[in-house]
Each structure stands twice: as structure tokens, then as C-alpha cells.
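Enquirer: Below is target.txt; it holds compact mmCIF, N, CA and C atoms.
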```txt
# COMPACT_ATOMS: atom_id res chain seq x y z
N MET Q 26 -43.97 42.57 -4.20
CA MET Q 26 -44.19 43.25 -5.47
C MET Q 26 -43.90 42.31 -6.63
N CYS Q 27 -42.88 41.46 -6.44
CA CYS Q 27 -42.52 40.52 -7.50
C CYS Q 27 -43.66 39.52 -7.74
N ILE Q 28 -44.31 39.08 -6.65
CA ILE Q 28 -45.43 38.15 -6.80
C ILE Q 28 -46.57 38.83 -7.52
N PHE Q 29 -46.81 40.12 -7.20
CA PHE Q 29 -47.88 40.85 -7.87
C PHE Q 29 -47.59 40.97 -9.36
N LEU Q 30 -46.34 41.24 -9.73
CA LEU Q 30 -46.01 41.36 -11.15
C LEU Q 30 -46.16 40.02 -11.87
N LEU Q 31 -45.78 38.93 -11.19
CA LEU Q 31 -45.98 37.61 -11.79
C LEU Q 31 -47.46 37.32 -11.98
N CYS Q 32 -48.26 37.66 -10.97
CA CYS Q 32 -49.71 37.43 -11.08
C CYS Q 32 -50.29 38.28 -12.20
N TYR Q 33 -49.85 39.53 -12.29
CA TYR Q 33 -50.38 40.42 -13.30
C TYR Q 33 -50.02 39.93 -14.70
N SER Q 34 -48.77 39.52 -14.91
CA SER Q 34 -48.37 39.07 -16.23
C SER Q 34 -49.06 37.75 -16.59
N PHE Q 35 -49.26 36.88 -15.61
CA PHE Q 35 -49.93 35.63 -15.89
C PHE Q 35 -51.41 35.86 -16.17
N CYS Q 36 -52.04 36.80 -15.46
CA CYS Q 36 -53.46 37.07 -15.68
C CYS Q 36 -53.70 37.67 -17.05
N ARG Q 37 -52.76 38.44 -17.55
CA ARG Q 37 -52.93 39.05 -18.86
C ARG Q 37 -52.84 38.01 -19.96
N GLU Q 38 -52.00 36.98 -19.77
CA GLU Q 38 -51.77 36.02 -20.83
C GLU Q 38 -52.77 34.87 -20.83
N SER Q 39 -53.29 34.51 -19.67
CA SER Q 39 -54.17 33.36 -19.61
C SER Q 39 -55.63 33.79 -19.64
N ALA Q 40 -56.48 32.88 -20.08
CA ALA Q 40 -57.91 33.15 -20.08
C ALA Q 40 -58.48 32.68 -18.75
N MET Q 41 -58.75 33.62 -17.87
CA MET Q 41 -59.26 33.29 -16.55
C MET Q 41 -60.76 33.50 -16.53
N ALA Q 42 -61.40 32.92 -15.53
CA ALA Q 42 -62.85 33.01 -15.43
C ALA Q 42 -63.31 34.40 -15.01
N TYR Q 43 -62.44 35.18 -14.43
CA TYR Q 43 -62.81 36.52 -13.99
C TYR Q 43 -61.84 37.52 -14.61
N GLU Q 44 -62.31 38.73 -14.75
CA GLU Q 44 -61.52 39.78 -15.38
C GLU Q 44 -61.04 40.76 -14.31
N LEU Q 45 -59.81 41.18 -14.39
CA LEU Q 45 -59.27 42.15 -13.46
C LEU Q 45 -59.29 43.53 -14.11
N ASP Q 46 -60.15 44.41 -13.60
CA ASP Q 46 -60.13 45.77 -14.09
C ASP Q 46 -59.11 46.57 -13.28
N GLU Q 47 -58.99 47.84 -13.56
CA GLU Q 47 -57.95 48.66 -12.93
C GLU Q 47 -58.15 48.76 -11.42
N GLN Q 48 -59.39 48.87 -10.97
CA GLN Q 48 -59.66 48.98 -9.54
C GLN Q 48 -59.24 47.72 -8.80
N LYS Q 49 -59.49 46.55 -9.38
CA LYS Q 49 -59.10 45.30 -8.74
C LYS Q 49 -57.58 45.11 -8.75
N LYS Q 50 -56.92 45.60 -9.78
CA LYS Q 50 -55.46 45.53 -9.82
C LYS Q 50 -54.85 46.38 -8.72
N VAL Q 51 -55.42 47.56 -8.50
CA VAL Q 51 -54.94 48.42 -7.42
C VAL Q 51 -55.22 47.76 -6.07
N GLY Q 52 -56.38 47.12 -5.93
CA GLY Q 52 -56.69 46.41 -4.70
C GLY Q 52 -55.72 45.28 -4.42
N LEU Q 53 -55.36 44.51 -5.46
CA LEU Q 53 -54.35 43.45 -5.29
C LEU Q 53 -53.00 44.03 -4.90
N GLY Q 54 -52.65 45.16 -5.50
CA GLY Q 54 -51.39 45.80 -5.15
C GLY Q 54 -51.37 46.27 -3.71
N LEU Q 55 -52.48 46.85 -3.24
CA LEU Q 55 -52.55 47.30 -1.85
C LEU Q 55 -52.48 46.13 -0.88
N ILE Q 56 -53.13 45.03 -1.22
CA ILE Q 56 -53.05 43.84 -0.37
C ILE Q 56 -51.62 43.31 -0.35
N GLY Q 57 -50.96 43.30 -1.49
CA GLY Q 57 -49.57 42.86 -1.55
C GLY Q 57 -48.65 43.73 -0.71
N PHE Q 58 -48.83 45.04 -0.79
CA PHE Q 58 -48.01 45.93 0.04
C PHE Q 58 -48.35 45.76 1.52
N GLY Q 59 -49.61 45.49 1.83
CA GLY Q 59 -49.98 45.24 3.22
C GLY Q 59 -49.31 43.99 3.77
N ILE Q 60 -49.24 42.95 2.95
CA ILE Q 60 -48.55 41.72 3.37
C ILE Q 60 -47.05 41.99 3.52
N LEU Q 61 -46.48 42.76 2.58
CA LEU Q 61 -45.06 43.10 2.67
C LEU Q 61 -44.75 43.89 3.94
N PHE Q 62 -45.57 44.89 4.25
CA PHE Q 62 -45.34 45.70 5.45
C PHE Q 62 -45.56 44.90 6.72
N THR Q 63 -46.49 43.95 6.69
CA THR Q 63 -46.67 43.07 7.85
C THR Q 63 -45.43 42.22 8.06
N PHE Q 64 -44.89 41.67 6.99
CA PHE Q 64 -43.67 40.87 7.08
C PHE Q 64 -42.50 41.71 7.60
N LEU Q 65 -42.35 42.94 7.08
CA LEU Q 65 -41.29 43.81 7.56
C LEU Q 65 -41.47 44.18 9.03
N ALA Q 66 -42.72 44.41 9.43
CA ALA Q 66 -42.98 44.77 10.82
C ALA Q 66 -42.64 43.62 11.76
N ILE Q 67 -42.91 42.40 11.33
CA ILE Q 67 -42.59 41.24 12.17
C ILE Q 67 -41.08 41.06 12.25
N ILE Q 68 -40.37 41.27 11.14
CA ILE Q 68 -38.91 41.18 11.15
C ILE Q 68 -38.30 42.25 12.05
N LEU Q 69 -38.89 43.43 12.04
CA LEU Q 69 -38.38 44.55 12.85
C LEU Q 69 -38.99 44.55 14.25
N PHE Q 70 -39.20 43.37 14.82
CA PHE Q 70 -39.67 43.20 16.19
C PHE Q 70 -41.01 43.87 16.44
N PHE Q 71 -41.97 43.60 15.58
CA PHE Q 71 -43.35 44.05 15.72
C PHE Q 71 -43.45 45.57 15.86
N ASP Q 72 -42.95 46.24 14.86
CA ASP Q 72 -43.03 47.70 14.81
C ASP Q 72 -44.49 48.12 14.65
N ARG Q 73 -44.97 48.94 15.57
CA ARG Q 73 -46.38 49.33 15.57
C ARG Q 73 -46.77 50.16 14.36
N GLY Q 74 -45.90 51.05 13.94
CA GLY Q 74 -46.22 51.91 12.80
C GLY Q 74 -46.39 51.13 11.51
N LEU Q 75 -45.48 50.20 11.27
CA LEU Q 75 -45.59 49.37 10.07
C LEU Q 75 -46.80 48.45 10.12
N LEU Q 76 -47.11 47.92 11.30
CA LEU Q 76 -48.29 47.06 11.43
C LEU Q 76 -49.57 47.86 11.18
N ALA Q 77 -49.64 49.07 11.71
CA ALA Q 77 -50.82 49.90 11.49
C ALA Q 77 -50.97 50.25 10.01
N LEU Q 78 -49.86 50.62 9.37
CA LEU Q 78 -49.89 50.94 7.94
C LEU Q 78 -50.29 49.71 7.11
N ALA Q 79 -49.78 48.55 7.49
CA ALA Q 79 -50.12 47.32 6.77
C ALA Q 79 -51.61 47.01 6.90
N ASN Q 80 -52.17 47.21 8.09
CA ASN Q 80 -53.59 46.96 8.28
C ASN Q 80 -54.45 47.91 7.45
N ILE Q 81 -54.07 49.16 7.40
CA ILE Q 81 -54.82 50.14 6.61
C ILE Q 81 -54.74 49.79 5.13
N LEU Q 82 -53.56 49.41 4.66
CA LEU Q 82 -53.41 49.04 3.25
C LEU Q 82 -54.22 47.78 2.92
N MET Q 83 -54.21 46.81 3.81
CA MET Q 83 -54.95 45.59 3.52
C MET Q 83 -56.46 45.82 3.54
N LEU Q 84 -56.94 46.63 4.46
CA LEU Q 84 -58.38 46.92 4.48
C LEU Q 84 -58.80 47.69 3.24
N ALA Q 85 -57.98 48.66 2.82
CA ALA Q 85 -58.29 49.41 1.60
C ALA Q 85 -58.22 48.50 0.38
N GLY Q 86 -57.26 47.58 0.34
CA GLY Q 86 -57.13 46.65 -0.78
C GLY Q 86 -58.31 45.71 -0.88
N VAL Q 87 -58.77 45.20 0.26
CA VAL Q 87 -59.94 44.31 0.25
C VAL Q 87 -61.18 45.07 -0.20
N ALA Q 88 -61.31 46.32 0.26
CA ALA Q 88 -62.46 47.13 -0.15
C ALA Q 88 -62.45 47.39 -1.65
N LEU Q 89 -61.27 47.64 -2.22
CA LEU Q 89 -61.20 47.88 -3.66
C LEU Q 89 -61.36 46.59 -4.46
N LEU Q 90 -60.86 45.49 -3.93
CA LEU Q 90 -60.93 44.22 -4.65
C LEU Q 90 -62.35 43.66 -4.68
N LEU Q 91 -63.01 43.68 -3.55
CA LEU Q 91 -64.36 43.11 -3.48
C LEU Q 91 -65.45 44.12 -3.80
N GLY Q 92 -65.17 45.39 -3.60
CA GLY Q 92 -66.20 46.41 -3.70
C GLY Q 92 -66.63 46.80 -2.29
N PHE Q 93 -67.10 48.02 -2.14
CA PHE Q 93 -67.40 48.52 -0.80
C PHE Q 93 -68.62 47.83 -0.19
N ARG Q 94 -69.66 47.59 -0.97
CA ARG Q 94 -70.85 46.93 -0.43
C ARG Q 94 -70.57 45.48 -0.06
N SER Q 95 -69.82 44.78 -0.89
CA SER Q 95 -69.49 43.38 -0.58
C SER Q 95 -68.59 43.29 0.65
N THR Q 96 -67.69 44.25 0.80
CA THR Q 96 -66.82 44.27 1.97
C THR Q 96 -67.63 44.50 3.24
N LEU Q 97 -68.53 45.47 3.21
CA LEU Q 97 -69.38 45.71 4.37
C LEU Q 97 -70.26 44.50 4.69
N HIS Q 98 -70.78 43.86 3.65
CA HIS Q 98 -71.59 42.66 3.86
C HIS Q 98 -70.75 41.54 4.47
N LEU Q 99 -69.51 41.38 4.00
CA LEU Q 99 -68.62 40.36 4.54
C LEU Q 99 -68.35 40.60 6.03
N PHE Q 100 -68.10 41.87 6.40
CA PHE Q 100 -67.83 42.17 7.79
C PHE Q 100 -69.08 42.07 8.66
N LYS Q 101 -70.26 42.33 8.09
CA LYS Q 101 -71.51 42.23 8.87
C LYS Q 101 -71.91 40.78 9.10
N VAL Q 102 -71.76 39.95 8.08
CA VAL Q 102 -72.21 38.55 8.18
C VAL Q 102 -71.31 37.75 9.11
N ASN Q 103 -70.02 37.91 8.99
CA ASN Q 103 -69.07 37.11 9.75
C ASN Q 103 -68.61 37.92 10.97
N TYR Q 104 -69.45 37.95 11.99
CA TYR Q 104 -69.17 38.80 13.15
C TYR Q 104 -68.01 38.29 14.00
N LYS Q 105 -67.81 36.96 14.06
CA LYS Q 105 -66.72 36.41 14.86
C LYS Q 105 -65.36 36.84 14.31
N GLY Q 106 -65.19 36.76 13.00
CA GLY Q 106 -63.95 37.20 12.38
C GLY Q 106 -63.76 38.70 12.45
N THR Q 107 -64.86 39.45 12.30
CA THR Q 107 -64.79 40.90 12.36
C THR Q 107 -64.38 41.37 13.75
N ILE Q 108 -64.98 40.80 14.78
CA ILE Q 108 -64.65 41.21 16.15
C ILE Q 108 -63.20 40.89 16.47
N SER Q 109 -62.73 39.70 16.09
CA SER Q 109 -61.34 39.35 16.41
C SER Q 109 -60.35 40.18 15.59
N PHE Q 110 -60.69 40.48 14.33
CA PHE Q 110 -59.80 41.32 13.52
C PHE Q 110 -59.71 42.73 14.10
N MET Q 111 -60.85 43.31 14.45
CA MET Q 111 -60.85 44.66 15.01
C MET Q 111 -60.21 44.70 16.40
N LEU Q 112 -60.39 43.63 17.19
CA LEU Q 112 -59.73 43.56 18.49
C LEU Q 112 -58.21 43.49 18.32
N GLY Q 113 -57.76 42.72 17.33
CA GLY Q 113 -56.33 42.67 17.05
C GLY Q 113 -55.79 44.01 16.59
N LEU Q 114 -56.54 44.71 15.77
CA LEU Q 114 -56.14 46.06 15.34
C LEU Q 114 -56.07 47.01 16.52
N PHE Q 115 -57.04 46.92 17.42
CA PHE Q 115 -57.04 47.75 18.62
C PHE Q 115 -55.83 47.43 19.50
N LEU Q 116 -55.53 46.15 19.67
CA LEU Q 116 -54.38 45.76 20.49
C LEU Q 116 -53.06 46.25 19.90
N ILE Q 117 -52.97 46.31 18.59
CA ILE Q 117 -51.77 46.86 17.97
C ILE Q 117 -51.65 48.35 18.27
N PHE Q 118 -52.76 49.06 18.23
CA PHE Q 118 -52.73 50.50 18.50
C PHE Q 118 -52.45 50.83 19.97
N VAL Q 119 -52.78 49.94 20.90
CA VAL Q 119 -52.52 50.21 22.32
C VAL Q 119 -51.24 49.53 22.80
N ARG Q 120 -50.34 49.28 21.89
CA ARG Q 120 -48.98 48.82 22.17
C ARG Q 120 -48.88 47.38 22.68
N TRP Q 121 -49.72 46.51 22.17
CA TRP Q 121 -49.60 45.08 22.40
C TRP Q 121 -49.51 44.40 21.04
N PRO Q 122 -48.43 44.63 20.29
CA PRO Q 122 -48.40 44.16 18.90
C PRO Q 122 -48.34 42.65 18.74
N VAL Q 123 -47.68 41.93 19.64
CA VAL Q 123 -47.55 40.48 19.48
C VAL Q 123 -48.91 39.81 19.66
N VAL Q 124 -49.60 40.17 20.72
CA VAL Q 124 -50.93 39.62 20.96
C VAL Q 124 -51.90 40.08 19.88
N GLY Q 125 -51.77 41.34 19.48
CA GLY Q 125 -52.64 41.89 18.45
C GLY Q 125 -52.49 41.19 17.12
N ILE Q 126 -51.27 40.87 16.72
CA ILE Q 126 -51.08 40.22 15.42
C ILE Q 126 -51.59 38.78 15.48
N ILE Q 127 -51.48 38.12 16.62
CA ILE Q 127 -51.99 36.75 16.74
C ILE Q 127 -53.52 36.75 16.64
N VAL Q 128 -54.16 37.67 17.35
CA VAL Q 128 -55.63 37.77 17.29
C VAL Q 128 -56.07 38.18 15.89
N GLU Q 129 -55.31 39.06 15.27
CA GLU Q 129 -55.66 39.53 13.93
C GLU Q 129 -55.51 38.42 12.88
N ILE Q 130 -54.49 37.60 12.98
CA ILE Q 130 -54.32 36.47 12.06
C ILE Q 130 -55.48 35.50 12.21
N TYR Q 131 -55.88 35.23 13.45
CA TYR Q 131 -57.05 34.38 13.66
C TYR Q 131 -58.29 35.01 13.03
N GLY Q 132 -58.46 36.30 13.19
CA GLY Q 132 -59.60 36.99 12.60
C GLY Q 132 -59.60 36.93 11.08
N CYS Q 133 -58.42 37.07 10.48
CA CYS Q 133 -58.32 36.97 9.02
C CYS Q 133 -58.67 35.57 8.52
N ILE Q 134 -58.21 34.57 9.24
CA ILE Q 134 -58.51 33.19 8.83
C ILE Q 134 -60.00 32.92 8.92
N VAL Q 135 -60.63 33.37 9.99
CA VAL Q 135 -62.07 33.16 10.14
C VAL Q 135 -62.85 34.02 9.16
N LEU Q 136 -62.42 35.26 8.99
CA LEU Q 136 -63.15 36.20 8.14
C LEU Q 136 -63.11 35.80 6.67
N PHE Q 137 -61.96 35.35 6.19
CA PHE Q 137 -61.81 35.03 4.78
C PHE Q 137 -61.80 33.53 4.51
N SER Q 138 -62.39 32.74 5.39
CA SER Q 138 -62.40 31.29 5.20
C SER Q 138 -63.22 30.86 3.99
N CYS Q 139 -64.19 31.66 3.60
CA CYS Q 139 -65.00 31.29 2.44
C CYS Q 139 -64.24 31.50 1.13
N PHE Q 140 -63.11 32.22 1.17
CA PHE Q 140 -62.34 32.49 -0.04
C PHE Q 140 -61.20 31.50 -0.27
N TRP Q 141 -60.95 30.56 0.64
CA TRP Q 141 -59.80 29.67 0.51
C TRP Q 141 -59.81 28.86 -0.78
N PRO Q 142 -60.93 28.30 -1.24
CA PRO Q 142 -60.89 27.57 -2.52
C PRO Q 142 -60.48 28.45 -3.70
N SER Q 143 -60.98 29.68 -3.73
CA SER Q 143 -60.61 30.59 -4.83
C SER Q 143 -59.14 30.98 -4.74
N ILE Q 144 -58.66 31.22 -3.53
CA ILE Q 144 -57.25 31.58 -3.34
C ILE Q 144 -56.36 30.42 -3.76
N LYS Q 145 -56.76 29.18 -3.43
CA LYS Q 145 -55.97 28.01 -3.80
C LYS Q 145 -55.87 27.87 -5.31
N VAL Q 146 -56.97 28.03 -6.01
CA VAL Q 146 -56.95 27.94 -7.47
C VAL Q 146 -56.07 29.04 -8.06
N PHE Q 147 -56.17 30.26 -7.52
CA PHE Q 147 -55.36 31.37 -8.01
C PHE Q 147 -53.88 31.12 -7.78
N LEU Q 148 -53.51 30.60 -6.60
CA LEU Q 148 -52.10 30.34 -6.31
C LEU Q 148 -51.53 29.23 -7.18
N PHE Q 149 -52.33 28.23 -7.51
CA PHE Q 149 -51.85 27.16 -8.38
C PHE Q 149 -51.63 27.64 -9.81
N GLN Q 150 -52.23 28.76 -10.21
CA GLN Q 150 -52.07 29.26 -11.56
C GLN Q 150 -50.86 30.17 -11.73
N ILE Q 151 -50.22 30.57 -10.64
CA ILE Q 151 -49.00 31.38 -10.73
C ILE Q 151 -47.88 30.48 -11.22
N PRO Q 152 -47.13 30.87 -12.26
CA PRO Q 152 -46.20 29.95 -12.90
C PRO Q 152 -45.21 29.24 -11.98
N VAL Q 153 -44.33 29.91 -11.30
CA VAL Q 153 -43.31 29.24 -10.50
C VAL Q 153 -43.87 28.81 -9.15
N PHE Q 154 -44.61 29.68 -8.51
CA PHE Q 154 -45.17 29.40 -7.19
C PHE Q 154 -46.16 28.24 -7.24
N GLY Q 155 -46.95 28.18 -8.28
CA GLY Q 155 -47.92 27.09 -8.43
C GLY Q 155 -47.24 25.74 -8.59
N TRP Q 156 -46.14 25.72 -9.31
CA TRP Q 156 -45.41 24.45 -9.49
C TRP Q 156 -44.82 23.99 -8.16
N ILE Q 157 -44.34 24.94 -7.37
CA ILE Q 157 -43.79 24.58 -6.06
C ILE Q 157 -44.89 24.02 -5.16
N LEU Q 158 -46.08 24.59 -5.24
CA LEU Q 158 -47.20 24.09 -4.44
C LEU Q 158 -47.66 22.71 -4.89
N TRP Q 159 -47.60 22.44 -6.19
CA TRP Q 159 -48.04 21.15 -6.71
C TRP Q 159 -47.03 20.04 -6.44
N TYR Q 160 -45.76 20.39 -6.24
CA TYR Q 160 -44.71 19.37 -6.12
C TYR Q 160 -44.94 18.40 -4.96
N PRO Q 161 -45.27 18.83 -3.74
CA PRO Q 161 -45.52 17.84 -2.67
C PRO Q 161 -46.69 16.91 -2.98
N ALA Q 162 -47.73 17.42 -3.64
CA ALA Q 162 -48.86 16.57 -3.99
C ALA Q 162 -48.44 15.50 -5.00
N LEU Q 163 -47.58 15.87 -5.93
CA LEU Q 163 -47.09 14.90 -6.92
C LEU Q 163 -46.22 13.84 -6.26
N LEU Q 164 -45.40 14.24 -5.28
CA LEU Q 164 -44.58 13.26 -4.56
C LEU Q 164 -45.44 12.29 -3.77
N LEU Q 165 -46.46 12.80 -3.10
CA LEU Q 165 -47.34 11.91 -2.33
C LEU Q 165 -48.09 10.96 -3.25
N ASP Q 166 -48.48 11.43 -4.40
CA ASP Q 166 -49.15 10.58 -5.37
C ASP Q 166 -48.23 9.46 -5.87
N ARG Q 167 -46.96 9.79 -6.08
CA ARG Q 167 -46.00 8.81 -6.57
C ARG Q 167 -45.72 7.75 -5.49
N PHE Q 168 -45.65 8.18 -4.20
CA PHE Q 168 -45.39 7.22 -3.13
C PHE Q 168 -46.57 6.29 -2.87
N ARG Q 169 -47.78 6.75 -3.16
CA ARG Q 169 -48.97 5.90 -2.97
C ARG Q 169 -49.00 4.75 -3.96
N SER Q 170 -48.51 4.97 -5.16
CA SER Q 170 -48.57 3.91 -6.18
C SER Q 170 -47.32 3.07 -6.20
```
Can the structure in the file be given as C-alpha cells, please?
Expert:
Amino acid sequence: MCIFLLCYSFCRESAMAYELDEQKKVGLGLIGFGILFTFLAIILFFDRGLLALANILMLAGVALLLGFRSTLHLFKVNYKGTISFMLGLFLIFVRWPVVGIIVEIYGCIVLFSCFWPSIKVFLFQIPVFGWILWYPALLLDRFRS
């Protein structure tokens, strides 16, 4: 939630290339809560209920963030990521949460691989988190010269 508030306050103050309307803000919030519940479920020894709730929140957040047609198009075009994500979701529901979360993480990486450049730019613009991400690159640059 704290990261979402930092992102929200930074987005309001800076001139970004895209505008966040209310629906997209709710989508970002749902994705943030989905990530939080996934983290809590992993800490609590892969609790099935929290993992299922996290998956529902993340799917709803992606649908609100991208729009329903774009989300359906994303899932139709990238069948490898869709199949592995849905298989991981199914494995979580049939009481194999460890295997399910591994398959689901692979599915998320494959499914959202086209968004990594946008995500990277967005993460670098977050005030404190972006500076932490830039710090190793600055150190490597200094050691090269």
C-alpha cells in the first residue's frame, strides 16, 4: 500500500506520458493488494485461500488497468503464458500451492514480458525505490572508468 501511495503522489506531481484516471488507479490498487496477499500467503506457508484471493485481485486489477478488451486480447495472443498461468491457478485450487505458484510465476513472466520496458521506466520514476534501482548501475559505471 505504501508503494501505491508513493506512486500515486509521484504521478500527480510529475508530467508523465500517460494519464491515470480513476479506473486505472483502482486497477493499480488491486494489483498492489494482489502482490501483498501473494507475499503474505508465501510467508504463511502457501496458504491456499490467500493465494486464491491474490490471484482474483490481480486478474481484476489487470482487467481494470488495461481494459477488458485489451486484457482478453493479451490472454488470446499469448497462449503459452495464459495456459501456464491458468494451470498454476488450477494447481493452487487443487491443493498443490507450491507447484502452482511456481508455474504461475512462469506464466506471469511469459504473459507480461512485453510490458517489462514500461514497468522498468515506471519503477525508475518512483522517488526512493528508483534511486535504489539506479545505484548499482551507477557503481558499475564508476568501476568501468
Enquirer: Contacts of stretch 115-131 of chain Q at 6.5 Å or less, counting all atoms listed in the file, minus same-chain residues fewer than 5 places along, as a list in words?
Expert: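 Counting only the stated atoms, we get Phe71, Arg73, Gly106, Ser109, Phe110 and Leu136 of chain Q.
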Enquirer: List every residue of chain Q that DSSP, applied to the backbone of this structure, places in alpha helix (DSSP H), and write the result as an MDAnalysis selection string.
Expert: chainID Q and resid 27:38 47:68 73:91 93:102 104:118 122:136 141:149 152:169
Enquirer: Nearest to Q:Ile60: which of Q:Leu91, Q:Glu44, Q:Met83, Q:Cys139 is it, counting all atoms listed in the file?
Expert: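 With all atoms listed in the file as the atom set, the closest residue is Q:Met83.
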Enquirer: State, in Å with one decimal place, the distance from atom C of Q:Gln48 to atom N of Q:Asp72.
Expert: 28.8 Å
Enquirer: Atom CA of Q:Thr96 and atom CA of Q:Gly52, how far apart in Å?
Expert: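 Separation between atom CA of Q:Gly52 and atom CA of Q:Thr96: 12.3 Å.
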Enquirer: With distances taken over only N, CA and C atoms, which residue among Q:Leu82, Q:Leu158, Q:Ile108, Q:Val87 lies nearest Q:Gly59?
Expert: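 Nearest candidate to Q:Gly59 out of Q:Leu82, Q:Leu158, Q:Ile108, Q:Val87: Q:Leu82.
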Enquirer: Would you mind reading off the distance between atom N of Q:Phe62 and atom N of Q:Phe137, one decimal, in Å?
Expert: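 Straight-line distance from atom N of Q:Phe62 to atom N of Q:Phe137 works out to 19.1 Å.
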